Amino acid sequence: MFEYCSDPDTLSTLNWFSCYLTNGAHFRFYQSFLTVFALLAVTAPISLAFGFAAAAASRSHVAPFRWVGKGYTAMVRGVPDIVFFLFFVLVLDQGIEYLRHIVTCPDWDEPIRQGANFLVCDAARTPQSTSPQWVHEVYNFALAVFTYAIVFGAFCGNVLFGAMRAVPRAQLETAEAYGMTRRQTFWRILVPQMWIYALPGLSNIWMILIKATPLLFLLGIEDVVYWARELGGSRTSAYQYPHPDWRFWYFLGLLVFYLSFTRVSEIVLARLTRKLSHGQATMAGEDMRKAAA
Amino acid sequence: MICGEALQSYGLRALGFGERLLPRGEITLCDQVVLIGSGMIWNVYFAVLALLFGFAFAVLLAVAKNTPSRLTRKPAEWFIFVFRGSPLFIQFFMAYEAFVMLPRVGVEFELFGIMIEAETRWFARAWLGALIVLFLNTSAYTAEIFYGALRAVPKGDLEAADAYGLSGWKKFRRITFPTMLRLAWPAYTNEAIFLFHATALVFFASFPAFQQKGDALYYASYFADRTFNPFIPYPIVAVYFVIFTLVIIGLFGAMNRRLNRHLPSEQRPRLRLRPTLIR
């Protein structure tokens, strides 16, 4: 990055670090932080949508919808999520390949499971072995996002279902008295009011989602943990920047990153709670009304 | 006997007894169920010990956080913030790297008349190192729960204690602590379940499995890798976890009933279990 970096052996400590921390590998390390943010930015809305659908389905008057909604939210209960993470990615991967296999190679007569092997025809391999590296990376990332969304969608579903039940009965009865249909009551009365009840639970899930991002590493994605291990490992003098085992310091950096991230989230969520309490039929909302009057 | 052969060779494999080589080639369902079950020994070991030690430390932390003196309050607040605010996964990695950096020395000391040779090398092993991390982690989470309950102890109870002339340690032991525990118990049950589920991370987060002595998930992923079929080993792990979760719920439910036995039956708080979340 800097001009004096051409020969690192001759540098003083400070300059050495300025070169070391700006070399190519480190930029990929910094980019992997963007992967974390990208995962959060994509996963959070999708899981919220999943959760909303699950909560709405759990309230449905049509029994099969209700079963699906309740079954989905109950699915995560009692099973560690890491099992889901490891399981789902494999299942999705194999499921996609299997479906494509049926479509693309109808006249394949060998069984797909041959003992310990999972064999599909070459045309069904996802992504294609000829496709460039970035396609593989994007595909893996998409699988990870989908897995996160399924798991966290179930949590959100549970919270939103509770929030929908927490909206005061009187509000809904008033809506009915005004002659609103079930659909109208749901969209105009229930949904706008439920967020304040859902927020404590949702902010909890957000914190947990942040703290679950290092699990990306287990899904084989080159995330912050991967790079921290990679860069921190000791380097012999054959490398341009030899150093002993620094993984501890890299992980310390990650720890500080996550601590500040959760702290900032806490502050932002506290503000959001204040904002959402405005005009609500709750103690906080009432206090705000009185303070303003 | 069902699975007799597998039970004999792999029943205690996670502790290093029995067959040295893990099953390969033709892997039967018996092998999978037994080996994963033997891995569960580690999960239970971590959960039980971390919860036992964590409980005691958490009470200390909660009381410290509740003191007006900054000298005791601040360290407790920071401890809780650090361990609750960062991913357990990163804590495992960091602790492992820190333990590996320890100088290698051995100490001999006498405990209850038995000579014990302790080595710092032990810290880098899962049985001690991971246990310490889980212990610190659960202490922080539990302390926050206990702190919340401590703040929620009814004013009237404390005033009544004062009126009876109780103070200091006696007041804490007979009034504050039992009420705190009673109020915290439903949330603490959830914490126990979370912690139990978190034990699945141990062998994935850096602590190496020596001689392939690992936990349930370690063996499950071994089978999934070997058979390319995740549909058998992972559901087996899931079933084991569900069973043990039910055991936890049963035990903690019994304790909950005992803690609340003096209350009229409608007022007794019921255990409300939330779905499991990662930390």
# chains A, B, ... in the order shown; residues from 1 in each chain; ligands from 1
$ closest_atom_pairs --of "chain B" --to "chain A" --cutoff "7 Å" --atoms "only C-alpha atoms" --output "CSV"
residue,atom,partner,partner_atom,distance
B:Val82,CA,A:Leu259,CA,6.8
B:Gly85,CA,A:Leu259,CA,5.2
B:Ser86,CA,A:Leu259,CA,5.4
B:Pro87,CA,A:Lys211,CA,4.5
B:Phe89,CA,A:Pro214,CA,6.8
B:Ile90,CA,A:Leu255,CA,6.6
B:Phe93,CA,A:Phe251,CA,7.0
B:Met94,CA,A:Phe251,CA,5.5
B:Glu97,CA,A:Phe248,CA,5.1
B:Ala98,CA,A:Phe248,CA,6.1
B:His197,CA,A:Pro80,CA,5.0
B:Arg226,CA,A:Ala116,CA,6.8
B:Thr227,CA,A:Ala116,CA,4.3
B:Phe228,CA,A:Ala116,CA,6.1
B:Pro230,CA,A:Phe87,CA,6.2
B:Tyr234,CA,A:Phe87,CA,6.4
B:Ala238,CA,A:Val79,CA,5.4
B:Phe241,CA,A:Val79,CA,6.0
B:Val242,CA,A:Gly78,CA,5.0
B:Thr245,CA,A:Gly78,CA,6.2
B:Pro275,CA,A:Arg77,CA,4.6
B:Thr276,CA,A:Arg77,CA,5.6
B:Ile278,CA,A:Ile208,CA,6.3
B:Arg279,CA,A:Ile208,CA,5.6
$ write_last_selection --atoms "N, CA and C atoms" --output "short mmCIF file (atom, residue, chain, number, x, y, z; two decimals), in the first residue's frame"
data_model
loop_
_atom_site.label_atom_id
_atom_site.label_comp_id
_atom_site.auth_asym_id
_atom_site.auth_seq_id
_atom_site.Cartn_x
_atom_site.Cartn_y
_atom_site.Cartn_z
N VAL B 82 -19.19 -8.18 28.93
CA VAL B 82 -18.25 -8.83 28.00
C VAL B 82 -18.76 -10.21 27.60
N GLY B 85 -22.16 -9.90 25.67
CA GLY B 85 -22.17 -9.10 24.45
C GLY B 85 -21.41 -9.69 23.29
N SER B 86 -20.65 -10.76 23.55
CA SER B 86 -19.85 -11.32 22.46
C SER B 86 -20.28 -12.76 22.21
N PRO B 87 -20.05 -13.24 21.00
CA PRO B 87 -20.47 -14.60 20.68
C PRO B 87 -19.67 -15.64 21.46
N PHE B 89 -18.93 -18.44 20.48
CA PHE B 89 -18.02 -19.02 19.50
C PHE B 89 -16.65 -18.33 19.55
N ILE B 90 -16.68 -16.98 19.55
CA ILE B 90 -15.43 -16.21 19.60
C ILE B 90 -14.76 -16.41 20.95
N PHE B 93 -12.78 -19.58 20.84
CA PHE B 93 -11.55 -19.43 20.06
C PHE B 93 -10.50 -18.68 20.86
N MET B 94 -10.94 -17.57 21.47
CA MET B 94 -10.00 -16.73 22.20
C MET B 94 -9.41 -17.47 23.38
N GLU B 97 -6.84 -20.03 22.28
CA GLU B 97 -5.55 -19.45 21.93
C GLU B 97 -4.81 -18.96 23.17
N ALA B 98 -5.56 -18.40 24.11
CA ALA B 98 -4.93 -17.92 25.34
C ALA B 98 -4.36 -19.09 26.14
N HIS B 197 -27.60 -26.61 25.14
CA HIS B 197 -27.48 -26.59 23.68
C HIS B 197 -26.14 -26.00 23.24
N ARG B 226 -19.02 -39.01 6.30
CA ARG B 226 -18.63 -40.32 5.81
C ARG B 226 -19.70 -40.94 4.91
N THR B 227 -20.97 -40.75 5.30
CA THR B 227 -22.04 -41.40 4.53
C THR B 227 -22.71 -40.45 3.55
N PHE B 228 -22.33 -39.18 3.55
CA PHE B 228 -22.98 -38.17 2.72
C PHE B 228 -24.48 -38.14 2.94
N PRO B 230 -26.99 -36.70 5.66
CA PRO B 230 -27.22 -36.00 6.93
C PRO B 230 -28.54 -36.39 7.58
N TYR B 234 -27.93 -36.33 12.08
CA TYR B 234 -28.37 -35.09 12.72
C TYR B 234 -29.71 -35.25 13.43
N ALA B 238 -30.57 -34.55 17.31
CA ALA B 238 -31.73 -33.74 17.69
C ALA B 238 -32.58 -34.49 18.71
N PHE B 241 -30.94 -34.51 22.06
CA PHE B 241 -31.04 -33.21 22.71
C PHE B 241 -32.44 -32.96 23.24
N VAL B 242 -33.44 -33.35 22.46
CA VAL B 242 -34.82 -33.17 22.92
C VAL B 242 -35.05 -33.96 24.20
N THR B 245 -33.31 -32.27 27.00
CA THR B 245 -34.00 -31.02 27.31
C THR B 245 -35.23 -31.30 28.16
N PRO B 275 -38.53 -20.78 22.95
CA PRO B 275 -37.74 -21.60 22.02
C PRO B 275 -36.26 -21.30 22.21
N THR B 276 -35.47 -22.24 21.83
CA THR B 276 -34.05 -22.10 22.09
C THR B 276 -33.39 -21.13 21.14
N ILE B 278 -29.53 -19.27 20.04
CA ILE B 278 -28.08 -19.39 20.17
C ILE B 278 -27.56 -18.20 20.93
N ARG B 279 -26.39 -18.29 21.46
CA ARG B 279 -25.84 -17.10 22.05
C ARG B 279 -24.66 -16.65 21.22
#
$ select_by_dssp --residues "region 25-193 of chain A" --states "helix (DSSP H, G or I)" --output "ChimeraX atom specification"
/A:25-58,63-75,81-104,122-124,133-166,169-177,182-193
$ write_last_selection --atoms "C-alpha atoms" --output "CSV table (one decimal), in the first residue's frame"
chain,number,residue,atom,x,y,z
A,25,ALA,CA,-4.7,-10.5,2.7
A,26,HIS,CA,-5.7,-8.0,5.3
A,27,PHE,CA,-8.0,-6.2,2.9
A,28,ARG,CA,-9.8,-9.4,2.3
A,29,PHE,CA,-10.0,-9.7,6.1
A,30,TYR,CA,-11.6,-6.3,6.3
A,31,GLN,CA,-13.9,-7.2,3.4
A,32,SER,CA,-15.1,-10.2,5.4
A,33,PHE,CA,-16.6,-7.8,7.9
A,34,LEU,CA,-18.7,-6.6,5.1
A,35,THR,CA,-19.8,-10.2,4.6
A,36,VAL,CA,-21.1,-10.2,8.2
A,37,PHE,CA,-23.0,-7.0,7.6
A,38,ALA,CA,-24.3,-8.3,4.3
A,39,LEU,CA,-25.5,-11.4,6.0
A,40,LEU,CA,-27.3,-9.4,8.7
A,41,ALA,CA,-28.8,-7.0,6.2
A,42,VAL,CA,-30.2,-9.8,4.1
A,43,THR,CA,-31.2,-12.2,6.8
A,44,ALA,CA,-33.0,-9.8,9.1
A,45,PRO,CA,-35.7,-8.8,6.7
A,46,ILE,CA,-36.1,-12.3,5.3
A,47,SER,CA,-36.5,-13.9,8.7
A,48,LEU,CA,-38.9,-11.2,9.8
A,49,ALA,CA,-41.0,-12.0,6.7
A,50,PHE,CA,-40.8,-15.7,7.5
A,51,GLY,CA,-41.7,-15.0,11.1
A,52,PHE,CA,-44.6,-12.8,10.1
A,53,ALA,CA,-45.9,-15.4,7.7
A,54,ALA,CA,-45.6,-18.1,10.4
A,55,ALA,CA,-47.3,-15.9,13.0
A,56,ALA,CA,-50.2,-15.0,10.7
A,57,ALA,CA,-50.5,-18.7,9.7
A,58,SER,CA,-50.6,-19.7,13.4
A,63,ALA,CA,-56.5,-25.7,10.2
A,64,PRO,CA,-53.7,-26.8,7.7
A,65,PHE,CA,-52.3,-23.3,7.7
A,66,ARG,CA,-52.3,-23.3,11.5
A,67,TRP,CA,-50.6,-26.6,11.6
A,68,VAL,CA,-47.9,-25.4,9.3
A,69,GLY,CA,-47.3,-22.2,11.2
A,70,LYS,CA,-47.3,-23.8,14.6
A,71,GLY,CA,-45.2,-26.8,13.5
A,72,TYR,CA,-42.6,-24.5,12.0
A,73,THR,CA,-42.2,-22.4,15.1
A,74,ALA,CA,-42.2,-25.5,17.3
A,75,MET,CA,-39.5,-27.1,15.1
A,81,ASP,CA,-29.5,-24.4,16.3
A,82,ILE,CA,-26.1,-25.5,15.3
A,83,VAL,CA,-27.6,-28.8,14.4
A,84,PHE,CA,-30.0,-27.0,12.2
A,85,PHE,CA,-27.2,-25.0,10.6
A,86,LEU,CA,-25.1,-28.1,9.8
A,87,PHE,CA,-28.2,-30.1,8.8
A,88,PHE,CA,-30.0,-27.6,6.6
A,89,VAL,CA,-27.2,-26.6,4.4
A,90,LEU,CA,-26.5,-30.2,3.5
A,91,VAL,CA,-30.2,-30.9,3.0
A,92,LEU,CA,-30.7,-27.8,0.8
A,93,ASP,CA,-27.6,-28.6,-1.2
A,94,GLN,CA,-28.6,-32.2,-1.8
A,95,GLY,CA,-32.3,-31.3,-2.3
A,96,ILE,CA,-31.5,-28.8,-5.0
A,97,GLU,CA,-29.2,-31.1,-6.8
A,98,TYR,CA,-31.7,-33.9,-6.5
A,99,LEU,CA,-34.6,-31.9,-8.0
A,100,ARG,CA,-32.4,-30.6,-10.8
A,101,HIS,CA,-31.2,-34.2,-11.4
A,102,ILE,CA,-34.8,-35.3,-11.9
A,103,VAL,CA,-35.5,-32.5,-14.3
A,104,THR,CA,-32.3,-32.5,-16.3
A,122,ASP,CA,-23.0,-33.7,-14.2
A,123,ALA,CA,-25.6,-31.4,-15.6
A,124,ALA,CA,-27.4,-31.3,-12.2
A,133,GLN,CA,-15.2,-19.2,-8.3
A,134,TRP,CA,-17.5,-16.3,-7.4
A,135,VAL,CA,-20.6,-18.3,-8.4
A,136,HIS,CA,-19.6,-21.0,-5.9
A,137,GLU,CA,-19.1,-18.3,-3.2
A,138,VAL,CA,-22.4,-16.6,-3.9
A,139,TYR,CA,-24.2,-20.0,-4.0
A,140,ASN,CA,-22.7,-20.9,-0.6
A,141,PHE,CA,-23.6,-17.6,0.8
A,142,ALA,CA,-27.2,-17.8,-0.4
A,143,LEU,CA,-27.5,-21.3,1.2
A,144,ALA,CA,-26.2,-19.8,4.5
A,145,VAL,CA,-28.6,-16.9,4.3
A,146,PHE,CA,-31.5,-19.2,3.6
A,147,THR,CA,-30.6,-21.4,6.6
A,148,TYR,CA,-30.2,-18.4,8.9
A,149,ALA,CA,-33.6,-17.1,7.7
A,150,ILE,CA,-35.3,-20.4,8.4
A,151,VAL,CA,-33.9,-20.7,11.9
A,152,PHE,CA,-34.4,-17.1,12.9
A,153,GLY,CA,-37.7,-16.9,11.1
A,154,ALA,CA,-39.0,-19.4,13.5
A,155,PHE,CA,-37.8,-17.3,16.5
A,156,CYS,CA,-39.4,-14.2,15.0
A,157,GLY,CA,-42.6,-16.2,14.3
A,158,ASN,CA,-42.8,-17.1,18.0
A,159,VAL,CA,-42.3,-13.5,19.1
A,160,LEU,CA,-44.7,-12.0,16.6
A,161,PHE,CA,-47.4,-14.5,17.5
A,162,GLY,CA,-47.0,-13.5,21.1
A,163,ALA,CA,-47.1,-9.8,20.1
A,164,MET,CA,-50.3,-10.3,18.1
A,165,ARG,CA,-51.9,-11.8,21.2
A,166,ALA,CA,-50.7,-9.0,23.4
A,169,ARG,CA,-58.7,-7.2,23.0
A,170,ALA,CA,-60.6,-3.9,23.3
A,171,GLN,CA,-58.8,-2.5,20.2
A,172,LEU,CA,-59.9,-5.4,18.1
A,173,GLU,CA,-63.4,-5.4,19.5
A,174,THR,CA,-63.6,-1.7,18.6
A,175,ALA,CA,-62.5,-2.5,15.1
A,176,GLU,CA,-65.2,-5.1,14.8
A,177,ALA,CA,-67.8,-2.7,16.2
A,182,ARG,CA,-61.2,-9.8,9.8
A,183,ARG,CA,-58.7,-8.8,7.1
A,184,GLN,CA,-59.1,-5.1,7.7
A,185,THR,CA,-58.8,-5.6,11.5
A,186,PHE,CA,-55.6,-7.5,10.9
A,187,TRP,CA,-53.9,-5.0,8.6
A,188,ARG,CA,-55.2,-1.8,10.1
A,189,ILE,CA,-55.4,-2.4,13.8
A,190,LEU,CA,-53.4,-5.5,14.8
A,191,VAL,CA,-50.3,-5.1,12.6
A,192,PRO,CA,-49.6,-1.4,13.3
A,193,GLN,CA,-50.0,-1.9,17.1
$ atom_distance --atom1 "CA of Ala292 (chain A)" --atom2 "CA of Glu266 (chain A)"
25.4 Å
$ closest_residue --among "B:Asn43, B:Ser9, B:Gln211, B:Ser69" --to "Trp127 (chain B)" --atoms "only C-alpha atoms"
B:Asn43
$ closest_residue --among "A:Val120, A:Val167, A:Cys105, A:Leu21" --to "Gln280 (chain A)" --atoms "only C-alpha atoms"
A:Val167
$ closest_residue --among "B:Phe146, B:His262, B:Phe223, B:Ala200" --to "Tyr240 (chain B)" --atoms "only C-alpha atoms"
B:Ala200
$ closest_residue --among "A:Ala284, A:Leu14, A:Val224, A:Leu231" --to "Pro244 (chain A)" --atoms "only C-alpha atoms"
A:Leu231
$ select_by_dssp --residues "region 51-256 of chain B" --states "strand (DSSP E)" --output "list in words"
Gly106, Val107, Glu108, Phe109, Glu110, Leu111, Ile114, Met115, Ile116, Glu117, Ala118 and Glu119 of chain B
$ atom_distance --atom1 "CA of Leu181 (chain B)" --atom2 "CA of Ile243 (chain B)"
25.7 Å
$ residues_around --residues "Tyr188 (chain B)" --least-positions-apart "3" --cutoff "7 Å" --atoms "only C-alpha atoms" --output "ChimeraX atom specification"
/B:142,145,184-185,191-192
$ atom_distance --atom1 "CA of Cys5 (chain A)" --atom2 "CA of Asn23 (chain A)"
9.2 Å
